[in-house]
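**Student:** First the structure, then my questions, so here it is.
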Amino acid sequence: MTDPADIAGPAQLDGLDRLGGLLTTRTFGRAHEHHVSLPSTNDRALAWLGESAPDGALVTADAQTAGRGRLGRRWSSPPGRDLYASVVVRPGAVPAGFGALALAVGVGLREGLLTALPELHDLALKWPNDLLLGDRKLAGILCESRWRGAVVELVVGFGINVHRRSEEFEPELRGGATSLAQHARAPGRAVILAAVLASLEQALDAFFDRGFAGVRDRYAPHCVTLGRDVLIERTPGGPQTPATAVGLDTDGALLVRTGPGPTTRVESADVWLR
Ligand code: BTN
């Protein structure tokens, strides 16, 4: 059987040079730096932020040599196969319910990917901010913030596995990671990124307006964590507590049950599906 990843064609023909002509956003991607290779697009966006990057400024790279994930993990970033992108966001005053930012980013990514690839019916969100296809990780989100008094400045970074075949993932990732091309005929990276930027901008507008309430109905129905037995790891490498995820609080915190009695709030943790 043909691996759908073969259909997409050579990665070197799939550049982001067409992005400008595909954008439908107000600000996201209107200023754009593309690099053949960077240590990390988030690091470059943070530096650009300090050099007065405009709202929506976008940094992309074909490869990252020190791509970063949450909790200090490494993000596998080989050349030309996937999307590595970071957007500077200047919401102004700190929005209410700011802790749920990554959930709103997940909504934007999911809806953008579905615009570009409507056949991805089982594209799901894992709390707090992973995107899964068939219980395997497709994309990750790394939001970083800087504060100036009451004003917050953000870098919203995301990595989406686009063209990689299973054997192109490092052996330790192979069992748990997937790519768009393993599930569908993936369009070019510029088409995918333009769709994601449009949905992301719209989801963050709703979030900055109303907090988690602004995106809740677009997050909860697609959150694969809800109703599942999980392991909660509150500190990296710390103990893993078995629990059942039963809901989301008004601010996006995960509500879990570890036994009889009331539910417990989880605001920040690694959550593993059992
Ligand atoms: C995670 O799942 O742990 C988050 C992964 C975030 C990876 C992206 S790739 C683009 C941007 N630059 C980085 O160094 N990290 C993010």
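To be explicit about the labels: the chains of the structure tokens are called A, B, and onward in the order shown, and within each one the residues are counted from 1, while ligands get numbers from 1 in the order they are shown.
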Quick one: everything within 12 Å of A:Ala177, counting only C-alpha atoms, minus sequence neighbours fewer than 6 positions away in the same chain. Send it as a ChimeraX atom specification.

**Tutor:** /A:75-76,130-140,160-162,164-171

**Student:** Quick one: DSSP strand (DSSP E or B) residues in stretch 10-95 of chain A, as a list in words?

**Tutor:** His32, Glu33, His34, His35, Val36, Ser37, Leu38, Leu58, Val59, Thr60, Ala61, Asp62, Ala63, Gln64, Arg68, Arg74, Leu83, Tyr84, Ala85, Ser86, Val87, Val88, Val89, Arg90, Pro91, Gly92 and Ala93 of chain A

**Student:** Could you list, as a PyMOL selection string, all the residues within 6 Å of ligand 1, counting only C-alpha atoms and all ligand atoms?

**Tutor:** chain A and resi 40-42+67-70+75+84-86+140-142+157-159

**Student:** Using only C-alpha atoms, which residues sit within 9 Å of stretch 249-261 of chain A once same-chain residues fewer than 2 positions away are excluded, as a compact mmCIF listing (two decimals) with all heavy atoms, in the first residue's frame?

**Tutor:**
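Wrote part03.txt, looks like this:
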# COMPACT_ATOMS: atom_id res chain seq x y z
N ALA A 96 -8.73 38.35 31.19
CA ALA A 96 -9.26 37.51 32.27
C ALA A 96 -9.08 36.05 31.89
O ALA A 96 -9.18 35.70 30.72
CB ALA A 96 -10.74 37.83 32.46
N GLY A 97 -8.79 35.21 32.89
CA GLY A 97 -8.67 33.77 32.61
C GLY A 97 -7.49 33.43 31.73
O GLY A 97 -7.51 32.47 30.96
N PHE A 98 -6.43 34.22 31.87
CA PHE A 98 -5.28 34.12 30.98
C PHE A 98 -4.65 32.71 30.99
O PHE A 98 -4.05 32.29 30.00
CB PHE A 98 -4.26 35.18 31.43
CG PHE A 98 -3.02 35.21 30.62
CD1 PHE A 98 -3.07 35.52 29.27
CD2 PHE A 98 -1.79 34.94 31.19
CE1 PHE A 98 -1.92 35.55 28.50
CE2 PHE A 98 -0.63 34.96 30.45
CZ PHE A 98 -0.69 35.27 29.10
N GLY A 99 -4.82 31.99 32.10
CA GLY A 99 -4.21 30.66 32.24
C GLY A 99 -4.66 29.68 31.18
O GLY A 99 -3.99 28.67 30.93
N ALA A 100 -5.79 29.95 30.54
CA ALA A 100 -6.31 29.01 29.53
C ALA A 100 -5.82 29.34 28.12
O ALA A 100 -6.32 28.78 27.14
CB ALA A 100 -7.84 29.00 29.56
N LEU A 103 -5.17 26.53 25.72
CA LEU A 103 -6.37 25.82 25.27
C LEU A 103 -6.97 26.54 24.06
O LEU A 103 -7.40 25.91 23.09
CB LEU A 103 -7.40 25.73 26.40
CG LEU A 103 -7.20 24.62 27.45
CD1 LEU A 103 -5.90 24.73 28.18
CD2 LEU A 103 -8.36 24.58 28.43
N TRP A 127 -5.91 17.68 26.81
CA TRP A 127 -5.66 18.76 27.78
C TRP A 127 -4.23 18.66 28.28
O TRP A 127 -3.76 17.58 28.56
CB TRP A 127 -6.64 18.62 28.96
CG TRP A 127 -6.65 19.81 29.86
CD1 TRP A 127 -7.51 20.87 29.82
CD2 TRP A 127 -5.77 20.05 30.97
NE1 TRP A 127 -7.20 21.76 30.81
CE2 TRP A 127 -6.14 21.28 31.53
CE3 TRP A 127 -4.70 19.36 31.54
CZ2 TRP A 127 -5.48 21.83 32.64
CZ3 TRP A 127 -4.04 19.89 32.63
CH2 TRP A 127 -4.43 21.11 33.16
N PRO A 128 -3.44 19.75 28.41
CA PRO A 128 -3.94 21.09 28.11
C PRO A 128 -3.82 21.49 26.63
O PRO A 128 -4.64 22.24 26.15
CB PRO A 128 -3.04 21.98 28.97
CG PRO A 128 -1.75 21.22 29.09
CD PRO A 128 -2.13 19.76 29.07
N GLY A 211 -12.22 35.34 27.69
CA GLY A 211 -11.52 34.28 28.42
C GLY A 211 -11.91 32.90 27.90
O GLY A 211 -12.38 32.77 26.75
N PHE A 212 -11.76 31.87 28.75
CA PHE A 212 -12.04 30.51 28.29
C PHE A 212 -13.49 30.36 27.79
O PHE A 212 -13.76 29.57 26.88
CB PHE A 212 -11.74 29.51 29.40
CG PHE A 212 -11.93 28.08 28.99
CD1 PHE A 212 -11.26 27.55 27.90
CD2 PHE A 212 -12.81 27.26 29.69
CE1 PHE A 212 -11.46 26.24 27.50
CE2 PHE A 212 -13.00 25.94 29.30
CZ PHE A 212 -12.32 25.43 28.21
N ALA A 213 -14.41 31.16 28.37
CA ALA A 213 -15.81 31.09 27.92
C ALA A 213 -15.94 31.36 26.42
O ALA A 213 -16.84 30.86 25.76
CB ALA A 213 -16.67 32.07 28.71
N ARG A 216 -14.79 27.83 24.91
CA ARG A 216 -15.14 26.58 25.60
C ARG A 216 -15.92 25.61 24.70
O ARG A 216 -15.59 24.42 24.63
CB ARG A 216 -15.95 26.89 26.86
CG ARG A 216 -16.28 25.66 27.64
CD ARG A 216 -17.20 25.90 28.83
NE ARG A 216 -17.31 24.64 29.53
CZ ARG A 216 -16.78 24.38 30.70
NH1 ARG A 216 -16.16 25.31 31.38
NH2 ARG A 216 -16.87 23.19 31.24
N LEU A 226 -11.42 14.24 28.42
CA LEU A 226 -12.62 14.21 29.27
C LEU A 226 -13.26 12.82 29.26
O LEU A 226 -13.45 12.22 28.20
CB LEU A 226 -13.61 15.27 28.81
CG LEU A 226 -13.08 16.71 28.89
CD1 LEU A 226 -14.12 17.70 28.38
CD2 LEU A 226 -12.65 17.04 30.31
N VAL A 230 -6.80 8.78 33.58
CA VAL A 230 -5.55 9.46 33.25
C VAL A 230 -4.53 9.28 34.38
O VAL A 230 -4.87 8.83 35.48
CB VAL A 230 -5.78 10.98 33.02
CG1 VAL A 230 -6.64 11.23 31.79
CG2 VAL A 230 -6.40 11.63 34.25
N THR A 241 -0.34 10.42 39.54
CA THR A 241 -1.54 10.06 40.31
C THR A 241 -2.63 9.58 39.36
O THR A 241 -3.02 10.32 38.44
CB THR A 241 -2.07 11.31 41.06
OG1 THR A 241 -0.98 11.88 41.79
CG2 THR A 241 -3.19 10.95 42.00
N PRO A 242 -3.13 8.37 39.57
CA PRO A 242 -4.26 7.92 38.73
C PRO A 242 -5.52 8.71 39.07
O PRO A 242 -5.76 9.03 40.24
CB PRO A 242 -4.44 6.45 39.13
CG PRO A 242 -3.30 6.11 40.04
CD PRO A 242 -2.71 7.38 40.55
N ALA A 243 -6.28 9.06 38.06
CA ALA A 243 -7.50 9.84 38.26
C ALA A 243 -8.40 9.62 37.05
O ALA A 243 -7.99 9.01 36.06
CB ALA A 243 -7.16 11.32 38.39
N THR A 244 -9.61 10.13 37.18
CA THR A 244 -10.51 10.18 36.03
C THR A 244 -10.82 11.64 35.73
O THR A 244 -11.18 12.39 36.64
CB THR A 244 -11.82 9.42 36.32
OG1 THR A 244 -11.49 8.07 36.69
CG2 THR A 244 -12.73 9.39 35.10
N ALA A 245 -10.64 12.04 34.48
CA ALA A 245 -10.92 13.43 34.10
C ALA A 245 -12.42 13.55 33.87
O ALA A 245 -12.99 12.85 33.03
CB ALA A 245 -10.16 13.78 32.83
N VAL A 246 -13.07 14.44 34.65
CA VAL A 246 -14.53 14.49 34.57
C VAL A 246 -15.07 15.78 33.98
O VAL A 246 -16.24 15.87 33.65
CB VAL A 246 -15.18 14.24 35.96
CG1 VAL A 246 -14.91 12.82 36.43
CG2 VAL A 246 -14.69 15.26 36.99
N GLY A 247 -14.25 16.81 33.87
CA GLY A 247 -14.80 18.05 33.31
C GLY A 247 -13.77 19.16 33.26
O GLY A 247 -12.59 18.97 33.56
N THR A 263 -14.39 16.76 43.31
CA THR A 263 -13.37 16.77 42.26
C THR A 263 -12.23 17.70 42.66
O THR A 263 -12.39 18.56 43.52
CB THR A 263 -13.96 17.25 40.93
OG1 THR A 263 -14.54 18.55 41.14
CG2 THR A 263 -15.00 16.30 40.39
N THR A 264 -11.08 17.48 42.04
CA THR A 264 -9.90 18.31 42.28
C THR A 264 -9.59 19.08 41.01
O THR A 264 -9.73 18.54 39.90
CB THR A 264 -8.67 17.39 42.58
OG1 THR A 264 -9.05 16.47 43.60
CG2 THR A 264 -7.46 18.18 43.01
N ARG A 265 -9.13 20.32 41.19
CA ARG A 265 -8.73 21.14 40.03
C ARG A 265 -7.27 20.85 39.68
O ARG A 265 -6.42 20.80 40.54
CB ARG A 265 -8.82 22.63 40.40
CG ARG A 265 -10.17 23.24 40.25
CD ARG A 265 -10.16 24.62 40.88
NE ARG A 265 -9.17 25.53 40.29
CZ ARG A 265 -9.37 26.28 39.21
NH1 ARG A 265 -10.53 26.21 38.59
NH2 ARG A 265 -8.44 27.07 38.75
N VAL A 266 -7.00 20.72 38.39
CA VAL A 266 -5.61 20.63 37.92
C VAL A 266 -5.40 21.81 36.97
O VAL A 266 -6.05 21.90 35.93
CB VAL A 266 -5.36 19.30 37.18
CG1 VAL A 266 -3.92 19.22 36.70
CG2 VAL A 266 -5.69 18.11 38.06
N GLU A 267 -4.50 22.71 37.37
CA GLU A 267 -4.29 23.92 36.55
C GLU A 267 -3.12 23.74 35.59
O GLU A 267 -3.08 24.34 34.52
CB GLU A 267 -4.05 25.13 37.46
CG GLU A 267 -5.32 25.52 38.21
CD GLU A 267 -5.09 26.61 39.22
OE1 GLU A 267 -3.99 27.19 39.24
OE2 GLU A 267 -6.03 26.87 39.99
N SER A 268 -2.14 22.95 36.02
CA SER A 268 -0.96 22.77 35.17
C SER A 268 -0.35 21.41 35.51
O SER A 268 -0.07 21.14 36.68
CB SER A 268 0.00 23.92 35.46
OG SER A 268 1.31 23.54 35.24

**Student:** What's around A:Gly108 at 10 Å? Count only C-alpha atoms, leave out sequence neighbours fewer than 5 positions away in its own chain, and write the answer as an mmCIF file with C-alpha atoms, in the first residue's frame.

**Tutor:**
data_model
loop_
_atom_site.group_PDB
_atom_site.id
_atom_site.type_symbol
_atom_site.label_atom_id
_atom_site.label_comp_id
_atom_site.auth_asym_id
_atom_site.auth_seq_id
_atom_site.Cartn_x
_atom_site.Cartn_y
_atom_site.Cartn_z
ATOM 1 C CA ALA A 102 -2.878 27.360 25.437
ATOM 2 C CA LEU A 103 -6.371 25.824 25.269
ATOM 3 C CA LEU A 113 -6.066 22.173 10.288
ATOM 4 C CA LEU A 114 -9.641 21.100 9.614
ATOM 5 C CA ALA A 195 -5.385 28.295 7.426
ATOM 6 C CA VAL A 196 -3.965 27.817 10.917
ATOM 7 C CA LEU A 197 -3.023 31.496 11.267
ATOM 8 C CA ALA A 198 -6.543 32.602 10.264
ATOM 9 C CA SER A 199 -8.208 30.288 12.804
ATOM 10 C CA LEU A 200 -5.658 31.051 15.488
ATOM 11 C CA GLU A 201 -6.170 34.793 15.161
ATOM 12 C CA GLN A 202 -9.925 34.326 15.381
ATOM 13 C CA ALA A 203 -9.747 31.958 18.391
ATOM 14 C CA LEU A 204 -7.430 34.315 20.275
ATOM 15 C CA VAL A 215 -13.721 29.166 23.181
ATOM 16 C CA ARG A 218 -15.067 24.761 20.543
ATOM 17 C CA TYR A 219 -12.672 23.044 22.968
#

**Student:** Please provide as an MDAnalysis selection string all residues within 12 Å of A:Arg18, with the sequence filter that same-chain residues fewer than 6 positions apart are discarded (counting only C-alpha atoms).

**Tutor:** chainID A and resid 29 32 34 188:194

**Student:** Write out as a list in words each polymer residue whose atoms come within 12 Å of A:Gly149, counting only C-alpha atoms; drop sequence neighbours fewer than 6 positions from it.

**Tutor:**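 Final neighbour list, sorted by chain and number: Gly92, Ala93 and Val94 of chain A.
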
**Student:** Using only C-alpha atoms, please write the residues we just selected to a file, as an mmCIF file, in the first residue's frame.

**Tutor:**
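Written output follows (selection.cif):
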data_model
loop_
_atom_site.group_PDB
_atom_site.id
_atom_site.type_symbol
_atom_site.label_atom_id
_atom_site.label_comp_id
_atom_site.auth_asym_id
_atom_site.auth_seq_id
_atom_site.Cartn_x
_atom_site.Cartn_y
_atom_site.Cartn_z
ATOM 1 C CA GLY A 92 -2.459 44.606 25.756
ATOM 2 C CA ALA A 93 -3.849 44.348 29.285
ATOM 3 C CA VAL A 94 -3.816 40.852 30.744
#

**Student:** Can you tell me, as an NGL selection string, what residues are no more than 12 Å from A:Trp147 when counting only C-alpha atoms, ignoring any on the same chain fewer than 2 positions away?

**Tutor:** :A and (49-50 or 90-94 or 144-145 or 149-155)

**Student:** Restricted to N, CA, C and O atoms, what would the selected residues look like written as a compact mmCIF listing (two decimals), in the first residue's frame?

**Tutor:**
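And here's result10.txt as it stands now:
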# COMPACT_ATOMS: atom_id res chain seq x y z
N LEU A 49 10.38 40.29 19.64
CA LEU A 49 9.46 40.97 20.55
C LEU A 49 10.18 42.11 21.26
O LEU A 49 9.68 43.23 21.35
N GLY A 50 11.40 41.82 21.73
CA GLY A 50 12.20 42.83 22.42
C GLY A 50 12.67 43.94 21.49
O GLY A 50 13.08 45.02 21.94
N ARG A 90 0.26 40.64 20.95
CA ARG A 90 0.23 41.75 21.91
C ARG A 90 -1.21 42.05 22.29
O ARG A 90 -1.84 42.94 21.70
N PRO A 91 -1.77 41.30 23.26
CA PRO A 91 -3.17 41.53 23.62
C PRO A 91 -3.38 42.80 24.44
O PRO A 91 -4.52 43.20 24.66
N GLY A 92 -2.30 43.42 24.91
CA GLY A 92 -2.46 44.61 25.76
C GLY A 92 -2.60 44.18 27.20
O GLY A 92 -1.82 43.36 27.68
N ALA A 93 -3.64 44.69 27.87
CA ALA A 93 -3.85 44.35 29.29
C ALA A 93 -4.09 42.85 29.41
O ALA A 93 -4.63 42.21 28.50
N VAL A 94 -3.69 42.30 30.54
CA VAL A 94 -3.82 40.85 30.74
C VAL A 94 -5.28 40.44 30.68
O VAL A 94 -6.10 40.96 31.43
N GLU A 144 4.87 31.45 25.51
CA GLU A 144 5.77 32.09 26.46
C GLU A 144 5.36 33.56 26.57
O GLU A 144 4.93 34.17 25.59
N SER A 145 5.48 34.13 27.79
CA SER A 145 4.99 35.49 27.99
C SER A 145 6.04 36.36 28.66
O SER A 145 6.92 35.86 29.37
N GLY A 149 4.55 45.60 33.53
CA GLY A 149 3.47 46.06 34.41
C GLY A 149 2.24 45.20 34.18
O GLY A 149 2.31 43.97 34.26
N ALA A 150 1.12 45.86 33.85
CA ALA A 150 -0.13 45.11 33.64
C ALA A 150 -0.27 44.63 32.20
O ALA A 150 -1.26 44.00 31.85
N VAL A 151 0.71 44.92 31.36
CA VAL A 151 0.61 44.55 29.94
C VAL A 151 1.39 43.27 29.70
O VAL A 151 2.51 43.11 30.20
N VAL A 152 0.80 42.36 28.96
CA VAL A 152 1.48 41.11 28.66
C VAL A 152 1.81 41.05 27.17
O VAL A 152 1.06 41.55 26.33
N GLU A 153 2.96 40.48 26.86
CA GLU A 153 3.38 40.26 25.48
C GLU A 153 3.65 38.76 25.34
O GLU A 153 4.27 38.16 26.22
N LEU A 154 3.23 38.20 24.24
CA LEU A 154 3.27 36.74 24.10
C LEU A 154 4.02 36.28 22.87
O LEU A 154 4.02 36.96 21.84
N VAL A 155 4.59 35.11 23.00
CA VAL A 155 5.01 34.36 21.82
C VAL A 155 4.25 33.03 21.85
O VAL A 155 4.30 32.29 22.84

**Student:** Output as an NGL selection string all residues of stretch 17-158 of chain A that backbone DSSP marks as helix (DSSP H, G or I).

**Tutor:** :A and (19-22 or 41-50 or 70-72 or 98-116)

**Student:** Could you tell me which of A:Ser77, A:Thr178, A:Thr235, A:Thr225 comes closest to A:Ser37 if we count only C-alpha atoms?

**Tutor:** A:Ser77

**Student:** What is the distance between atom CA of A:Leu58 and atom CA of A:Leu16, in Å to one decimal?

**Tutor:**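 Rounded to one decimal, the two atoms are 11.9 Å apart.
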
**Student:** So how many Å separate atom CA of A:Thr25 and atom CA of A:Gly56, to one decimal?

**Tutor:**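 Those two atoms sit 9.2 Å apart.
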
**Student:** What is the distance, in Å and to one decimal place, between atom CA of A:Val59 and atom CA of A:His35?

**Tutor:**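 Straight-line distance from atom CA of A:Val59 to atom CA of A:His35 works out to 7.8 Å.
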